[in-house]
$ cat work-v3.csv   # CSV, C-alpha atoms
chain,number,residue,atom,x,y,z
A,1,MET,CA,11.2,-4.4,-1.5
A,2,ASN,CA,8.6,-4.0,-4.3
A,3,LEU,CA,8.7,-0.5,-5.6
A,4,SER,CA,6.1,0.9,-8.0
A,5,THR,CA,7.2,2.0,-11.5
A,6,THR,CA,6.5,5.6,-10.5
A,7,THR,CA,8.8,5.4,-7.5
A,8,ARG,CA,11.5,3.8,-9.6
A,9,GLN,CA,11.1,6.6,-12.2
A,10,ALA,CA,11.4,9.2,-9.4
A,11,TYR,CA,14.6,7.5,-8.3
A,12,SER,CA,15.9,7.8,-11.8
A,13,GLU,CA,15.2,11.5,-11.8
A,14,VAL,CA,16.8,11.9,-8.4
A,15,ASN,CA,19.8,10.0,-9.6
A,16,GLU,CA,20.1,12.3,-12.6
A,17,ILE,CA,19.9,15.4,-10.4
A,18,ILE,CA,22.5,14.0,-8.0
A,19,ASN,CA,24.8,13.4,-10.9
A,20,LEU,CA,24.4,17.0,-12.0
A,21,LEU,CA,25.5,18.3,-8.6
A,22,ASP,CA,29.0,19.6,-8.2
A,23,LYS,CA,31.4,17.2,-6.6
A,24,ASP,CA,31.3,18.8,-3.1
A,25,ASP,CA,27.5,18.8,-2.9
A,26,ARG,CA,27.3,15.2,-4.3
A,27,GLN,CA,29.8,14.1,-1.6
A,28,LYS,CA,27.6,15.5,1.1
A,29,ILE,CA,24.9,12.9,0.2
A,30,PRO,CA,25.9,9.5,1.8
A,31,LEU,CA,27.4,7.0,-0.6
A,32,LYS,CA,25.0,4.3,0.6
A,33,LEU,CA,22.0,6.5,-0.3
A,34,ARG,CA,23.4,7.4,-3.7
A,35,LYS,CA,24.0,3.8,-4.5
A,36,TYR,CA,20.5,3.0,-3.4
A,37,PHE,CA,19.0,5.4,-5.9
A,38,GLU,CA,21.3,4.0,-8.6
A,39,ARG,CA,20.4,0.4,-7.8
A,40,GLU,CA,16.6,0.9,-7.4
A,41,ARG,CA,16.0,3.3,-10.3
A,42,GLU,CA,14.1,2.4,-13.5
A,43,LYS,CA,17.0,1.6,-15.9
A,44,GLU,CA,15.0,2.2,-19.1
A,45,TYR,CA,13.5,5.5,-17.9
A,46,LYS,CA,15.6,8.4,-19.2
A,47,LYS,CA,14.8,11.9,-18.0
A,48,SER,CA,17.1,14.6,-19.1
A,49,ILE,CA,17.4,17.5,-16.7
A,50,ASN,CA,18.1,20.9,-18.3
A,51,LEU,CA,20.0,23.2,-16.0
A,52,ASP,CA,18.8,26.2,-18.0
A,53,ILE,CA,15.2,25.6,-17.2
A,54,PRO,CA,13.7,26.1,-13.7
A,55,ILE,CA,13.0,22.8,-11.9
A,56,LYS,CA,9.3,23.6,-11.7
A,57,GLU,CA,9.0,23.6,-15.4
A,58,GLN,CA,10.7,20.2,-16.0
A,59,ASN,CA,7.7,18.0,-15.3
A,60,LEU,CA,9.4,16.0,-12.6
A,61,LYS,CA,7.4,13.6,-10.5
A,62,ARG,CA,6.1,14.8,-7.1
A,63,GLU,CA,8.2,12.1,-5.4
A,64,THR,CA,11.3,13.4,-7.1
A,65,ILE,CA,10.7,16.9,-5.8
A,66,ALA,CA,10.0,15.6,-2.3
A,67,ILE,CA,13.2,13.5,-2.3
A,68,VAL,CA,15.4,16.3,-3.6
A,69,THR,CA,13.9,18.7,-1.1
A,70,MET,CA,14.7,16.3,1.7
A,71,LEU,CA,18.2,15.7,0.4
A,72,ASN,CA,18.8,19.4,0.2
A,73,LEU,CA,17.6,20.1,3.7
A,74,LYS,CA,19.3,17.1,5.3
A,75,TYR,CA,22.6,16.8,3.5
A,76,ILE,CA,23.4,19.6,1.1
A,77,CYS,CA,22.4,22.7,3.1
A,78,SER,CA,25.3,23.2,5.5
A,79,ASN,CA,24.3,26.6,7.0
A,80,GLU,CA,21.9,26.3,10.0
A,81,GLU,CA,20.4,29.7,9.2
A,82,GLU,CA,19.6,28.6,5.7
A,83,ARG,CA,18.1,25.3,7.0
A,84,ALA,CA,15.9,27.3,9.4
A,85,LYS,CA,14.8,29.5,6.5
A,86,LEU,CA,14.0,26.4,4.4
A,87,ARG,CA,12.0,24.7,7.2
A,88,LYS,CA,10.0,27.9,7.6
A,89,GLN,CA,9.2,28.0,3.9
A,90,TYR,CA,8.2,24.3,4.0
A,91,GLU,CA,5.9,24.9,6.9
A,92,GLU,CA,4.3,27.8,5.2
A,93,ASN,CA,3.8,25.8,2.0
A,94,GLU,CA,2.3,23.0,4.1
A,95,GLN,CA,-0.1,25.4,5.8
A,96,ILE,CA,-1.2,26.8,2.4
A,97,TYR,CA,-1.7,23.3,1.1
A,98,GLN,CA,-3.7,22.2,4.2
A,99,LYS,CA,-5.8,25.4,3.9
A,100,LYS,CA,-6.7,24.6,0.3
A,101,LEU,CA,-7.6,21.1,1.3
A,102,SER,CA,-9.8,22.2,4.1
A,103,GLU,CA,-11.6,24.7,1.8
A,104,LYS,CA,-12.0,22.1,-0.9
A,105,TYR,CA,-13.3,19.4,1.4
A,106,ASN,CA,-15.1,21.6,3.9
A,107,VAL,CA,-18.2,19.8,5.2
A,108,ASP,CA,-20.3,22.9,4.7
A,109,ASN,CA,-19.3,23.1,1.0
A,110,LEU,CA,-19.3,19.5,0.0
A,111,PHE,CA,-22.8,19.6,-1.5
A,112,LYS,CA,-22.5,23.0,-3.2
A,113,THR,CA,-22.2,23.0,-6.9
A,114,ASN,CA,-20.7,25.9,-8.9
A,115,ASN,CA,-20.9,28.3,-6.0
A,116,GLU,CA,-24.6,27.7,-5.5
A,117,GLU,CA,-26.3,27.2,-2.2
A,118,VAL,CA,-26.8,23.7,-0.8
A,119,VAL,CA,-29.7,22.0,-2.5
A,120,GLU,CA,-32.8,22.0,-0.2
A,121,GLN,CA,-33.7,18.7,1.2
A,122,PRO,CA,-37.3,17.8,1.8
A,123,LYS,CA,-38.3,18.9,5.2
A,124,GLU,CA,-40.7,16.1,6.0
A,125,LEU,CA,-40.4,12.4,5.3
A,126,ALA,CA,-43.4,10.2,4.6
A,127,ASN,CA,-44.9,8.9,7.7
A,128,VAL,CA,-44.6,5.2,7.9
A,129,LYS,CA,-47.2,3.6,10.2
A,130,LYS,CA,-45.8,0.8,12.3
A,131,GLU,CA,-48.2,-1.8,13.4
A,132,GLY,CA,-48.0,-2.9,17.0
A,133,PHE,CA,-47.6,-6.5,17.9
A,134,LEU,CA,-51.2,-6.9,18.9
A,135,LYS,CA,-52.4,-5.2,15.8
A,136,LYS,CA,-50.3,-7.6,13.6
A,137,ILE,CA,-51.8,-10.6,15.4
A,138,SER,CA,-55.3,-9.2,15.0
A,139,ASN,CA,-54.8,-8.5,11.2
A,140,PHE,CA,-53.3,-12.0,10.8
A,141,PHE,CA,-56.4,-13.7,12.2
A,142,LYS,CA,-58.7,-11.4,10.2
A,143,LYS,CA,-57.0,-12.5,7.0
A,144,ILE,CA,-57.3,-16.2,7.9
A,145,PHE,CA,-61.0,-15.9,8.6
A,146,LYS,CA,-61.7,-13.8,5.5
A,147,ARG,CA,-60.3,-16.6,3.3
A,148,LYS,CA,-62.9,-19.1,4.5
$ encode --input "work-v3.csv" --output "structure tokens"
Amino acid sequence: MNLSTTTRQAYSEVNEIINLLDKDDRQKIPLKLRKYFEREREKEYKKSINLDIPIKEQNLKRETIAIVTMLNLKYICSNEEERAKLRKQYEENEQIYQKKLSEKYNVDNLFKTNNEEVVEQPKELANVKKEGFLKKISNFFKKIFKRK
């Protein structure tokens, strides 16, 4: 499988986070999955995770956050009530994200600039006269006879 450098770096960050977990939580993540992150990570990429700094402020890759979130929900979180709470929070976050996207890319607002109204388009287009088939033939013969 060809993985991008960004994905491999994210795997390095995930691997680092897994290694920082206490033994019980680390054991909850399947060995096969842990070995996969270890094998596929970017070996030269070193990201140190500081436990004293909130994870939001550590400049982790989006992929890392997504993977850690999935690992937490699927393997580490053992309480069903806590899982339900996390799922609800994830759904709320997704709704907020989708709302922002729909506002940003709303068809009505696409052509607005700096909160200005839509630029007025010309109401009328220039009239293009189309010649009928007979008119074209007539003009053709007129041009021929004018040359002589």
$ atom_distance --input "work-v3.csv" --atom1 "CA of Lys61 (chain A)" --atom2 "CA of Gln9 (chain A)"
8.1 Å
$ closest_residue --input "work-v3.csv" --among "A:Ile76, A:Phe141, A:Phe133, A:Gln89" --to "Lys23 (chain A)" --atoms "all atoms listed in the file"
A:Ile76
$ atom_distance --input "work-v3.csv" --atom1 "CA of Lys32 (chain A)" --atom2 "CA of Asn59 (chain A)"
27.2 Å
$ residues_near_point --input "work-v3.csv" --point "(15.8, 13.1, -0.1)" --cutoff "12 Å" --atoms "all atoms listed in the file" --output "PyMOL selection string"
chain A and resi 10-11+13-15+17-18+29-30+33-34+36-37+63-76
$ atom_distance --input "work-v3.csv" --atom1 "CA of Ser12 (chain A)" --atom2 "CA of Ile53 (chain A)"
18.6 Å
$ closest_residue --input "work-v3.csv" --among "A:Glu16, A:Asp25, A:Asp52, A:Glu57" --to "Ser78 (chain A)" --atoms "only C-alpha atoms"
A:Asp25
$ axis_aligned_box --input "work-v3.csv" --around "region 74-78 of chain A" --padding-each-side "3 Å" --output "JSON"
{"center_x": 22.3, "center_y": 20.0, "center_z": 3.3, "size_x": 12.0, "size_y": 12.4, "size_z": 10.4}
$ closest_residue --input "work-v3.csv" --among "A:Glu82, A:Asp24, A:Glu91, A:Glu42" --to "Thr6 (chain A)" --atoms "all atoms listed in the file"
A:Glu42
$ closest_residue --input "work-v3.csv" --among "A:Cys77, A:Asn2, A:Tyr45, A:Arg62" --to "Lys28 (chain A)" --atoms "only C-alpha atoms"
A:Cys77
$ closest_residue --input "work-v3.csv" --among "A:Leu134, A:Ile96, A:Leu3, A:Ala84" --to "Arg39 (chain A)" --atoms "only C-alpha atoms"
A:Leu3
